[in-house]
>>> print(open('data-v2.cif').read())   # mmCIF, C-alpha atoms
data_my_file
#
loop_
_atom_site.group_PDB
_atom_site.id
_atom_site.type_symbol
_atom_site.label_atom_id
_atom_site.label_comp_id
_atom_site.auth_asym_id
_atom_site.auth_seq_id
_atom_site.Cartn_x
_atom_site.Cartn_y
_atom_site.Cartn_z
ATOM 1 C CA MET A 1 5.342 -22.514 10.734
ATOM 2 C CA GLY A 2 3.893 -19.555 8.875
ATOM 3 C CA LEU A 3 5.543 -16.198 8.341
ATOM 4 C CA ILE A 4 3.826 -13.214 9.925
ATOM 5 C CA ILE A 5 4.191 -9.981 7.977
ATOM 6 C CA ALA A 6 2.924 -6.612 9.195
ATOM 7 C CA LEU A 7 2.358 -3.899 6.642
ATOM 8 C CA ALA A 8 3.218 -0.582 8.211
ATOM 9 C CA MET A 9 3.347 3.089 7.269
ATOM 10 C CA GLN A 10 1.967 5.880 9.397
ATOM 11 C CA LYS A 11 1.136 7.993 6.351
ATOM 12 C CA GLY A 12 -2.251 7.164 4.844
ATOM 13 C CA GLY A 13 -3.017 6.707 1.171
ATOM 14 C CA VAL A 14 0.173 4.831 0.274
ATOM 15 C CA GLY A 15 -1.480 1.608 -0.901
ATOM 16 C CA LYS A 16 -1.009 -0.345 2.327
ATOM 17 C CA THR A 17 -4.409 -2.040 2.420
ATOM 18 C CA THR A 18 -4.398 -2.596 -1.337
ATOM 19 C CA THR A 19 -1.031 -4.308 -0.934
ATOM 20 C CA ALA A 20 -2.178 -6.527 1.938
ATOM 21 C CA LEU A 21 -5.226 -7.624 -0.024
ATOM 22 C CA SER A 22 -3.644 -8.006 -3.452
ATOM 23 C CA LEU A 23 -0.477 -9.679 -2.215
ATOM 24 C CA GLY A 24 -2.473 -12.074 -0.044
ATOM 25 C CA VAL A 25 -4.709 -13.140 -2.913
ATOM 26 C CA ALA A 26 -1.719 -13.493 -5.250
ATOM 27 C CA LEU A 27 0.022 -15.769 -2.736
ATOM 28 C CA ALA A 28 -3.165 -17.819 -2.280
ATOM 29 C CA ALA A 29 -3.275 -18.313 -6.059
ATOM 30 C CA ARG A 30 0.094 -20.052 -5.686
ATOM 31 C CA ALA A 31 -1.528 -22.602 -3.370
ATOM 32 C CA ARG A 32 -0.203 -20.888 -0.253
ATOM 33 C CA ARG A 33 -2.330 -20.882 2.891
ATOM 34 C CA VAL A 34 -2.936 -17.221 3.645
ATOM 35 C CA LEU A 35 -4.589 -15.421 6.547
ATOM 36 C CA LEU A 36 -5.319 -11.697 6.347
ATOM 37 C CA ILE A 37 -5.879 -9.757 9.569
ATOM 38 C CA ASP A 38 -7.663 -6.407 9.456
ATOM 39 C CA ILE A 39 -6.747 -4.517 12.626
ATOM 40 C CA ASP A 40 -7.788 -1.110 11.302
ATOM 41 C CA PRO A 41 -11.064 0.420 12.605
ATOM 42 C CA GLN A 42 -11.772 1.685 9.085
ATOM 43 C CA ALA A 43 -12.185 -1.976 8.015
ATOM 44 C CA ASN A 44 -11.095 -1.267 4.436
ATOM 45 C CA LEU A 45 -9.425 -4.650 4.045
ATOM 46 C CA THR A 46 -12.571 -6.371 5.284
ATOM 47 C CA GLN A 47 -14.749 -4.474 2.822
ATOM 48 C CA GLY A 48 -12.245 -5.067 0.032
ATOM 49 C CA LEU A 49 -13.096 -8.763 0.314
ATOM 50 C CA GLY A 50 -16.816 -8.025 0.116
ATOM 51 C CA VAL A 51 -17.443 -8.550 3.836
ATOM 52 C CA ASP A 52 -19.848 -6.196 5.637
ATOM 53 C CA PRO A 53 -18.255 -5.130 8.961
ATOM 54 C CA SER A 54 -21.688 -4.489 10.480
ATOM 55 C CA GLN A 55 -22.856 -8.073 9.941
ATOM 56 C CA LEU A 56 -20.137 -9.975 11.784
ATOM 57 C CA GLU A 57 -20.553 -12.368 14.673
ATOM 58 C CA TYR A 58 -16.902 -12.041 15.679
ATOM 59 C CA SER A 59 -14.033 -9.827 14.581
ATOM 60 C CA VAL A 60 -10.513 -8.837 15.535
ATOM 61 C CA TYR A 61 -12.095 -6.828 18.352
ATOM 62 C CA GLU A 62 -13.109 -10.028 20.162
ATOM 63 C CA VAL A 63 -9.708 -11.564 19.398
ATOM 64 C CA LEU A 64 -7.927 -8.692 21.161
ATOM 65 C CA LEU A 65 -10.278 -8.853 24.137
ATOM 66 C CA ASN A 66 -9.919 -12.651 24.458
ATOM 67 C CA PRO A 67 -6.445 -13.583 23.167
ATOM 68 C CA GLU A 68 -6.432 -16.788 25.209
ATOM 69 C CA ARG A 69 -9.153 -18.106 22.870
ATOM 70 C CA GLY A 70 -6.797 -17.888 19.896
ATOM 71 C CA SER A 71 -8.065 -16.492 16.600
ATOM 72 C CA ALA A 72 -9.826 -19.356 14.822
ATOM 73 C CA PHE A 73 -13.224 -18.459 16.315
ATOM 74 C CA ALA A 74 -13.150 -15.094 14.508
ATOM 75 C CA THR A 75 -11.679 -16.343 11.224
ATOM 76 C CA ILE A 76 -13.860 -16.527 8.131
ATOM 77 C CA THR A 77 -13.225 -18.013 4.702
ATOM 78 C CA THR A 78 -13.612 -15.912 1.586
ATOM 79 C CA ASP A 79 -14.277 -16.510 -2.099
ATOM 80 C CA ASP A 80 -10.771 -15.351 -2.974
ATOM 81 C CA GLY A 81 -8.748 -18.183 -1.456
ATOM 82 C CA VAL A 82 -7.697 -16.344 1.689
ATOM 83 C CA ASP A 83 -8.971 -16.535 5.257
ATOM 84 C CA LEU A 84 -9.797 -13.303 7.053
ATOM 85 C CA ILE A 85 -9.990 -12.030 10.593
ATOM 86 C CA PRO A 86 -12.195 -9.025 9.857
ATOM 87 C CA SER A 87 -12.425 -5.666 11.525
ATOM 88 C CA SER A 88 -15.647 -4.174 12.801
ATOM 89 C CA LEU A 89 -17.036 -0.846 13.944
ATOM 90 C CA LEU A 90 -16.471 -1.922 17.560
ATOM 91 C CA LEU A 91 -12.717 -1.639 17.074
ATOM 92 C CA ALA A 92 -12.934 2.151 17.005
ATOM 93 C CA GLY A 93 -13.404 2.260 20.778
ATOM 94 C CA ALA A 94 -11.123 -0.638 21.622
ATOM 95 C CA GLU A 95 -7.891 1.358 21.815
ATOM 96 C CA LEU A 96 -9.164 3.298 24.823
ATOM 97 C CA GLU A 97 -10.721 0.149 26.284
ATOM 98 C CA LEU A 98 -7.422 -1.723 26.096
ATOM 99 C CA SER A 99 -5.136 1.149 27.073
ATOM 100 C CA GLY A 100 -4.928 0.167 30.740
ATOM 101 C CA ARG A 101 -4.480 -3.542 30.135
ATOM 102 C CA VAL A 102 -1.167 -5.168 31.096
ATOM 103 C CA GLY A 103 0.631 -6.472 28.033
ATOM 104 C CA ARG A 104 -1.701 -4.603 25.696
ATOM 105 C CA GLU A 105 0.914 -4.552 22.893
ATOM 106 C CA LEU A 106 1.104 -8.364 22.925
ATOM 107 C CA LEU A 107 -2.577 -9.288 22.634
ATOM 108 C CA LEU A 108 -2.497 -10.192 18.939
ATOM 109 C CA ARG A 109 0.794 -12.042 19.309
ATOM 110 C CA LYS A 110 -0.723 -14.165 22.065
ATOM 111 C CA ALA A 111 -3.837 -14.895 20.004
ATOM 112 C CA LEU A 112 -1.766 -16.079 17.023
ATOM 113 C CA ARG A 113 0.383 -18.584 18.924
ATOM 114 C CA THR A 114 -1.702 -21.547 17.842
ATOM 115 C CA THR A 115 -2.599 -20.068 14.465
ATOM 116 C CA ARG A 116 0.790 -19.875 12.765
ATOM 117 C CA ASP A 117 1.014 -23.576 12.029
ATOM 118 C CA ALA A 118 -2.180 -23.436 9.953
ATOM 119 C CA TYR A 119 -0.838 -20.902 7.409
ATOM 120 C CA ASP A 120 2.132 -20.198 5.177
ATOM 121 C CA TYR A 121 1.599 -16.441 5.393
ATOM 122 C CA ILE A 122 -0.233 -14.187 7.829
ATOM 123 C CA LEU A 123 -0.518 -10.588 6.629
ATOM 124 C CA ILE A 124 -1.586 -7.933 9.134
ATOM 125 C CA ASP A 125 -3.049 -4.601 8.030
ATOM 126 C CA PRO A 126 -2.981 -1.996 10.857
ATOM 127 C CA PRO A 127 -4.128 1.639 10.666
ATOM 128 C CA PRO A 128 -1.982 4.372 9.075
ATOM 129 C CA SER A 129 -0.723 5.432 12.496
ATOM 130 C CA LEU A 130 1.685 4.170 15.125
ATOM 131 C CA GLY A 131 -0.847 3.574 17.888
ATOM 132 C CA LEU A 132 -1.835 0.473 19.837
ATOM 133 C CA PHE A 133 -3.108 -1.522 16.861
ATOM 134 C CA SER A 134 0.061 -0.940 14.851
ATOM 135 C CA LEU A 135 2.153 -1.890 17.885
ATOM 136 C CA ASN A 136 0.179 -5.134 18.193
ATOM 137 C CA ALA A 137 0.830 -5.876 14.528
ATOM 138 C CA LEU A 138 4.568 -5.203 14.855
ATOM 139 C CA ALA A 139 4.874 -7.162 18.102
ATOM 140 C CA ALA A 140 3.266 -10.195 16.445
ATOM 141 C CA ALA A 141 5.271 -10.072 13.201
ATOM 142 C CA GLN A 142 8.644 -11.317 12.036
ATOM 143 C CA HIS A 143 8.833 -9.032 9.034
ATOM 144 C CA VAL A 144 7.643 -5.526 8.223
ATOM 145 C CA LEU A 145 6.630 -4.755 4.666
ATOM 146 C CA VAL A 146 6.689 -0.994 4.082
ATOM 147 C CA PRO A 147 4.546 0.386 1.228
ATOM 148 C CA LEU A 148 6.210 3.664 0.294
ATOM 149 C CA GLN A 149 4.404 6.017 -2.036
ATOM 150 C CA LEU A 150 6.779 7.697 -4.447
ATOM 151 C CA HIS A 151 6.154 11.082 -2.916
ATOM 152 C CA ALA A 152 8.424 13.285 -0.821
ATOM 153 C CA TYR A 153 6.158 13.282 2.236
ATOM 154 C CA ALA A 154 6.061 9.475 2.373
ATOM 155 C CA LEU A 155 9.846 9.251 2.262
ATOM 156 C CA LYS A 156 10.091 11.764 5.114
ATOM 157 C CA ALA A 157 7.834 9.511 7.213
ATOM 158 C CA MET A 158 10.299 6.608 7.148
ATOM 159 C CA PRO A 159 12.578 7.670 10.042
ATOM 160 C CA GLN A 160 9.667 7.706 12.485
ATOM 161 C CA LEU A 161 8.618 4.217 11.392
ATOM 162 C CA GLU A 162 12.186 2.971 11.768
ATOM 163 C CA GLN A 163 12.345 4.405 15.293
ATOM 164 C CA THR A 164 9.101 2.605 16.172
ATOM 165 C CA ILE A 165 10.447 -0.677 14.825
ATOM 166 C CA ASP A 166 13.574 -0.227 16.965
ATOM 167 C CA LEU A 167 11.395 0.294 20.051
ATOM 168 C CA VAL A 168 9.257 -2.762 19.292
ATOM 169 C CA ARG A 169 12.414 -4.877 19.058
ATOM 170 C CA GLU A 170 12.632 -4.594 22.831
ATOM 171 C CA ILE A 171 9.660 -6.959 23.049
ATOM 172 C CA ASN A 172 10.100 -8.620 19.642
ATOM 173 C CA PRO A 173 13.868 -8.865 19.002
ATOM 174 C CA ASP A 174 13.506 -10.751 15.710
ATOM 175 C CA LEU A 175 11.448 -8.046 14.003
ATOM 176 C CA ALA A 176 13.064 -6.786 10.804
ATOM 177 C CA ILE A 177 12.118 -4.821 7.732
ATOM 178 C CA GLY A 178 11.424 -7.514 5.160
ATOM 179 C CA GLY A 179 11.131 -5.100 2.290
ATOM 180 C CA VAL A 180 10.251 -1.631 1.064
ATOM 181 C CA LEU A 181 7.707 -1.500 -1.747
ATOM 182 C CA CYS A 182 7.472 1.522 -4.032
ATOM 183 C CA THR A 183 3.784 2.241 -4.644
ATOM 184 C CA LEU A 184 1.607 4.657 -6.614
ATOM 185 C CA ALA A 185 4.393 5.195 -9.117
ATOM 186 C CA ASP A 186 3.652 7.602 -11.942
ATOM 187 C CA ARG A 187 6.273 6.933 -14.601
ATOM 188 C CA ARG A 188 5.219 10.080 -16.458
ATOM 189 C CA THR A 189 6.680 12.381 -13.799
ATOM 190 C CA ASN A 190 10.259 13.222 -12.950
ATOM 191 C CA LEU A 191 9.307 13.375 -9.254
ATOM 192 C CA SER A 192 8.320 9.705 -9.192
ATOM 193 C CA HIS A 193 11.623 8.672 -10.776
ATOM 194 C CA GLU A 194 13.625 10.903 -8.442
ATOM 195 C CA ILE A 195 11.942 9.639 -5.264
ATOM 196 C CA GLU A 196 12.437 6.035 -6.398
ATOM 197 C CA ARG A 197 16.123 6.766 -6.972
ATOM 198 C CA GLN A 198 16.414 8.206 -3.451
ATOM 199 C CA VAL A 199 14.586 5.245 -1.916
ATOM 200 C CA ARG A 200 16.847 2.729 -3.649
ATOM 201 C CA GLU A 201 19.937 4.714 -2.730
ATOM 202 C CA ARG A 202 18.922 4.874 0.940
ATOM 203 C CA TYR A 203 17.557 1.347 1.433
ATOM 204 C CA GLY A 204 19.434 -0.662 -1.184
ATOM 205 C CA ALA A 205 18.566 -4.348 -1.331
ATOM 206 C CA LEU A 206 15.591 -3.873 0.988
ATOM 207 C CA VAL A 207 13.678 -2.257 -1.877
ATOM 208 C CA PHE A 208 11.695 -4.650 -4.035
ATOM 209 C CA GLN A 209 12.413 -4.551 -7.744
ATOM 210 C CA THR A 210 8.662 -4.685 -8.314
ATOM 211 C CA VAL A 211 7.038 -1.256 -8.391
ATOM 212 C CA ILE A 212 3.276 -0.794 -8.019
ATOM 213 C CA PRO A 213 1.987 1.756 -10.527
ATOM 214 C CA ILE A 214 -0.889 4.167 -10.279
ATOM 215 C CA ASN A 215 -3.648 2.105 -11.880
ATOM 216 C CA VAL A 216 -7.319 2.881 -12.438
ATOM 217 C CA LYS A 217 -8.432 -0.714 -11.914
ATOM 218 C CA LEU A 218 -6.589 -0.904 -8.587
ATOM 219 C CA ALA A 219 -8.467 2.205 -7.479
ATOM 220 C CA GLU A 220 -11.839 0.839 -8.645
ATOM 221 C CA ALA A 221 -11.571 -2.658 -7.139
ATOM 222 C CA PRO A 222 -12.198 -1.710 -3.455
ATOM 223 C CA ASN A 223 -15.384 0.107 -4.412
ATOM 224 C CA ALA A 224 -16.583 -3.135 -6.011
ATOM 225 C CA GLY A 225 -15.696 -5.111 -2.869
ATOM 226 C CA MET A 226 -13.243 -7.288 -4.803
ATOM 227 C CA PRO A 227 -9.490 -7.809 -4.896
ATOM 228 C CA ILE A 228 -7.847 -6.760 -8.148
ATOM 229 C CA HIS A 229 -7.291 -10.391 -9.173
ATOM 230 C CA ARG A 230 -11.046 -10.927 -9.385
ATOM 231 C CA TYR A 231 -12.052 -7.448 -10.506
ATOM 232 C CA ALA A 232 -9.508 -7.078 -13.318
ATOM 233 C CA PRO A 233 -7.158 -10.085 -13.437
ATOM 234 C CA GLY A 234 -5.424 -8.914 -16.610
ATOM 235 C CA SER A 235 -4.759 -5.383 -15.416
ATOM 236 C CA VAL A 236 -1.353 -3.821 -14.900
ATOM 237 C CA GLY A 237 -2.104 -3.666 -11.167
ATOM 238 C CA ALA A 238 -2.839 -7.394 -10.911
ATOM 239 C CA GLN A 239 0.300 -8.215 -12.863
ATOM 240 C CA ALA A 240 2.393 -6.037 -10.551
ATOM 241 C CA TYR A 241 1.133 -7.829 -7.441
ATOM 242 C CA ASN A 242 1.749 -11.202 -9.082
ATOM 243 C CA ALA A 243 5.345 -10.116 -9.630
ATOM 244 C CA LEU A 244 5.567 -8.937 -6.016
ATOM 245 C CA ALA A 245 4.322 -12.315 -4.744
ATOM 246 C CA ASP A 246 7.031 -14.084 -6.743
ATOM 247 C CA GLU A 247 9.716 -11.704 -5.499
ATOM 248 C CA LEU A 248 8.553 -11.925 -1.882
ATOM 249 C CA GLU A 249 8.621 -15.722 -1.871
ATOM 250 C CA LEU A 250 12.096 -15.771 -3.374
ATOM 251 C CA ARG A 251 13.379 -13.180 -0.906
ATOM 252 C CA LEU A 252 11.924 -14.800 2.222
ATOM 253 C CA HIS A 253 13.047 -18.251 1.082
ATOM 254 C CA HIS A 254 16.643 -16.990 1.073
ATOM 255 C CA GLN A 255 16.184 -15.326 4.483
ATOM 256 C CA ARG A 256 14.991 -18.510 6.173
#
>>> encode(input="data-v2.cif", output="structure tokens")
Amino acid sequence: MGLIIALAMQKGGVGKTTTALSLGVALAARARRVLLIDIDPQANLTQGLGVDPSQLEYSVYEVLLNPERGSAFATITTDDGVDLIPSSLLLAGAELELSGRVGRELLLRKALRTTRDAYDYILIDPPPSLGLFSLNALAAAQHVLVPLQLHAYALKAMPQLEQTIDLVREINPDLAIGGVLCTLADRRTNLSHEIERQVRERYGALVFQTVIPINVKLAEAPNAGMPIHRYAPGSVGAQAYNALADELELRLHHQR
């Protein structure tokens, strides 16, 4: 049965979507069966795999509206070894549409019941907020991976995320933080080193040893509609996500 991991951080610009995409592709390169789910109306993950959100027959929008159908009908294969449930422009209005629905936080969880056996990893990329889509991601997941930019404002956002995770445990008791990932590290600055020190002091073993640096190629890859492993496979960014994939597998293997 596959592991479901939600990436979550209510602050934008911390490398959340880049991590979902790059980690997923790195795991697929290790012959793991990987499904990526884009549940963000901005559809950045979808576009990062070269998929046009305006040209889709089905998307995560239809999955949320029809969870009893499962998710396979909206799943597409990609050239990068991962499957994708894409996002579309329709998702922007879905939060209001679903707001009065009973069990609205559990729609994605219900849709994935028959999907987990087909994958080793399912990575969910919600919006940088703690609204309905993020709640669906957390309610469906076993682990939360927190991308934490080495910046003071990102660190200050952690308590709110932790409170949300505690609330979601009322409907998903097994949910746990699977790891905190330091992202957008600038080793040239004292601030980056100081924030990393504080993060490791506060969260201890939850913090991955791997640190994702600020990297030009990582920033360029989404604009090209490619994951970093295809756009610049020898780059520092690609190497960092390869290291993260190794560390994640080792960590979750010990937790099972």
>>> atom_distance(input="data-v2.cif", atom1="atom CA of A:Ile124", atom2="atom CA of A:Glu220")
22.3 Å
>>> residues_around(input="data-v2.cif", residues="A:Ser71", least_positions_apart="5", cutoff="10 Å", atoms="all atoms listed in the file", output="list in words")
Ile37, Tyr58, Ser59, Val60, Glu62, Val63, Leu64, Asn66, Ile85, Leu108, Lys110, Ala111, Leu112, Arg113, Thr114 and Thr115 of chain A
>>> resolve_selection(input="data-v2.cif", expression="the PyMOL selection byres ((chain A and resi 89) around 9)", output="compact mmCIF listing (two decimals) with C-alpha atoms, in the coordinates of the input")
# COMPACT_ATOMS: atom_id res chain seq x y z
CA PRO A 41 -11.06 0.42 12.60
CA GLN A 42 -11.77 1.68 9.09
CA ALA A 43 -12.18 -1.98 8.02
CA PRO A 53 -18.26 -5.13 8.96
CA SER A 54 -21.69 -4.49 10.48
CA TYR A 61 -12.10 -6.83 18.35
CA SER A 87 -12.42 -5.67 11.52
CA SER A 88 -15.65 -4.17 12.80
CA LEU A 90 -16.47 -1.92 17.56
CA LEU A 91 -12.72 -1.64 17.07
CA ALA A 92 -12.93 2.15 17.00
CA GLY A 93 -13.40 2.26 20.78
>>> closest_residue(input="data-v2.cif", among="A:Arg230, A:Arg169, A:Lys11, A:Lys16", to="A:Leu181", atoms="all atoms listed in the file")
A:Lys16
>>> resolve_selection(input="data-v2.cif", expression="the PyMOL selection byres ((chain A and resi 227) around 10)", output="list of chain:residue names")
A:Thr18, A:Thr19, A:Leu21, A:Ser22, A:Leu23, A:Gly24, A:Val25, A:Ala26, A:Leu45, A:Gln47, A:Gly48, A:Leu49, A:Gly50, A:Asp80, A:Leu218, A:Glu220, A:Ala221, A:Pro222, A:Asn223, A:Ala224, A:Gly225, A:Met226, A:Ile228, A:His229, A:Arg230, A:Tyr231, A:Ala232, A:Pro233, A:Ala238
>>> atom_distance(input="data-v2.cif", atom1="atom CA of A:Val51", atom2="atom CA of A:Gly179")
28.8 Å
>>> residues_around(input="data-v2.cif", residues="A:Gly13", least_positions_apart="2", cutoff="12 Å", atoms="all atoms listed in the file", output="PyMOL selection string")
chain A and resi 8-11+15-19+44+127-129+147-151+153-154+183-184+214+219
>>> axis_aligned_box(input="data-v2.cif", around="stretch 171-176 of chain A", padding_each_side="6 Å", output="JSON")
{"center_x": 11.8, "center_y": -8.8, "center_z": 16.9, "size_x": 16.2, "size_y": 16.0, "size_z": 24.2}
>>> resolve_selection(input="data-v2.cif", expression="the PyMOL selection byres ((chain A and resi 209) around 10)", output="PyMOL selection string")
chain A and resi 180-182+200+205-208+210-212+243-244+247
>>> atom_distance(input="data-v2.cif", atom1="atom CA of A:Asn242", atom2="atom CA of A:Asp79")
18.3 Å
>>> closest_residue(input="data-v2.cif", among="A:Leu145, A:Ala140, A:Leu161, A:Ala152", to="A:Leu248", atoms="only C-alpha atoms")
A:Leu145
>>> closest_residue(input="data-v2.cif", among="A:Val144, A:Ile39, A:Ala157, A:Ala29", to="A:Gly12", atoms="all atoms listed in the file")
A:Ala157
>>> closest_residue(input="data-v2.cif", among="A:Val82, A:Ile177, A:Leu106, A:Ile122", to="A:Ala31", atoms="only C-alpha atoms")
A:Val82
>>> residues_around(input="data-v2.cif", residues="A:Arg32", least_positions_apart="5", cutoff="8 Å", atoms="only C-alpha atoms", output="number ranges by chain")
A: 27, 119-121
>>> closest_residue(input="data-v2.cif", among="A:Val236, A:Met1, A:Leu123, A:Met158", to="A:Ala137", atoms="all atoms listed in the file")
A:Leu123
>>> closest_residue(input="data-v2.cif", among="A:Thr75, A:Leu138, A:Pro86, A:Ile171", to="A:Gln55", atoms="all atoms listed in the file")
A:Pro86
>>> residues_around(input="data-v2.cif", residues="A:Leu96", least_positions_apart="6", cutoff="12 Å", atoms="only C-alpha atoms", output="number ranges by chain")
A: 90, 104, 131-133
>>> build_atoms(input="data-v2.cif", residues="stretch 229-250 of chain A", atoms="N, CA and C atoms", output="CSV table (one decimal), keeping the file's coordinate frame")
chain,number,residue,atom,x,y,z
A,229,HIS,N,-7.4,-9.2,-8.4
A,229,HIS,CA,-7.3,-10.4,-9.2
A,229,HIS,C,-8.6,-11.0,-9.6
A,230,ARG,N,-9.7,-10.5,-8.9
A,230,ARG,CA,-11.0,-10.9,-9.4
A,230,ARG,C,-11.7,-9.8,-10.2
A,231,TYR,N,-11.4,-8.6,-9.8
A,231,TYR,CA,-12.1,-7.4,-10.5
A,231,TYR,C,-11.5,-7.2,-11.9
A,232,ALA,N,-10.2,-7.3,-12.0
A,232,ALA,CA,-9.5,-7.1,-13.3
A,232,ALA,C,-8.2,-7.9,-13.4
A,233,PRO,N,-8.3,-9.2,-13.5
A,233,PRO,CA,-7.2,-10.1,-13.4
A,233,PRO,C,-6.1,-9.8,-14.5
A,234,GLY,N,-6.4,-9.2,-15.6
A,234,GLY,CA,-5.4,-8.9,-16.6
A,234,GLY,C,-4.8,-7.5,-16.5
A,235,SER,N,-5.2,-6.8,-15.5
A,235,SER,CA,-4.8,-5.4,-15.4
A,235,SER,C,-3.3,-5.3,-15.0
A,236,VAL,N,-2.7,-4.1,-15.3
A,236,VAL,CA,-1.4,-3.8,-14.9
A,236,VAL,C,-1.2,-4.0,-13.4
A,237,GLY,N,-2.2,-3.6,-12.6
A,237,GLY,CA,-2.1,-3.7,-11.2
A,237,GLY,C,-2.0,-5.1,-10.7
A,238,ALA,N,-2.9,-6.0,-11.3
A,238,ALA,CA,-2.8,-7.4,-10.9
A,238,ALA,C,-1.5,-8.0,-11.3
A,239,GLN,N,-1.0,-7.7,-12.4
A,239,GLN,CA,0.3,-8.2,-12.9
A,239,GLN,C,1.4,-7.8,-11.9
A,240,ALA,N,1.4,-6.5,-11.5
A,240,ALA,CA,2.4,-6.0,-10.6
A,240,ALA,C,2.4,-6.8,-9.2
A,241,TYR,N,1.2,-7.1,-8.7
A,241,TYR,CA,1.1,-7.8,-7.4
A,241,TYR,C,1.5,-9.3,-7.6
A,242,ASN,N,1.3,-9.9,-8.8
A,242,ASN,CA,1.7,-11.2,-9.1
A,242,ASN,C,3.3,-11.2,-9.0
A,243,ALA,N,3.9,-10.2,-9.6
A,243,ALA,CA,5.3,-10.1,-9.6
A,243,ALA,C,5.9,-9.9,-8.2
A,244,LEU,N,5.2,-9.1,-7.4
A,244,LEU,CA,5.6,-8.9,-6.0
A,244,LEU,C,5.5,-10.2,-5.2
A,245,ALA,N,4.5,-11.0,-5.4
A,245,ALA,CA,4.3,-12.3,-4.7
A,245,ALA,C,5.5,-13.2,-5.1
A,246,ASP,N,5.9,-13.3,-6.3
A,246,ASP,CA,7.0,-14.1,-6.7
A,246,ASP,C,8.3,-13.6,-6.1
A,247,GLU,N,8.5,-12.3,-6.1
A,247,GLU,CA,9.7,-11.7,-5.5
A,247,GLU,C,9.8,-11.9,-4.0
A,248,LEU,N,8.6,-11.7,-3.3
A,248,LEU,CA,8.6,-11.9,-1.9
A,248,LEU,C,8.9,-13.4,-1.5
A,249,GLU,N,8.3,-14.3,-2.2
A,249,GLU,CA,8.6,-15.7,-1.9
A,249,GLU,C,10.1,-16.0,-2.1
A,250,LEU,N,10.7,-15.5,-3.1
A,250,LEU,CA,12.1,-15.8,-3.4
A,250,LEU,C,13.0,-15.1,-2.3
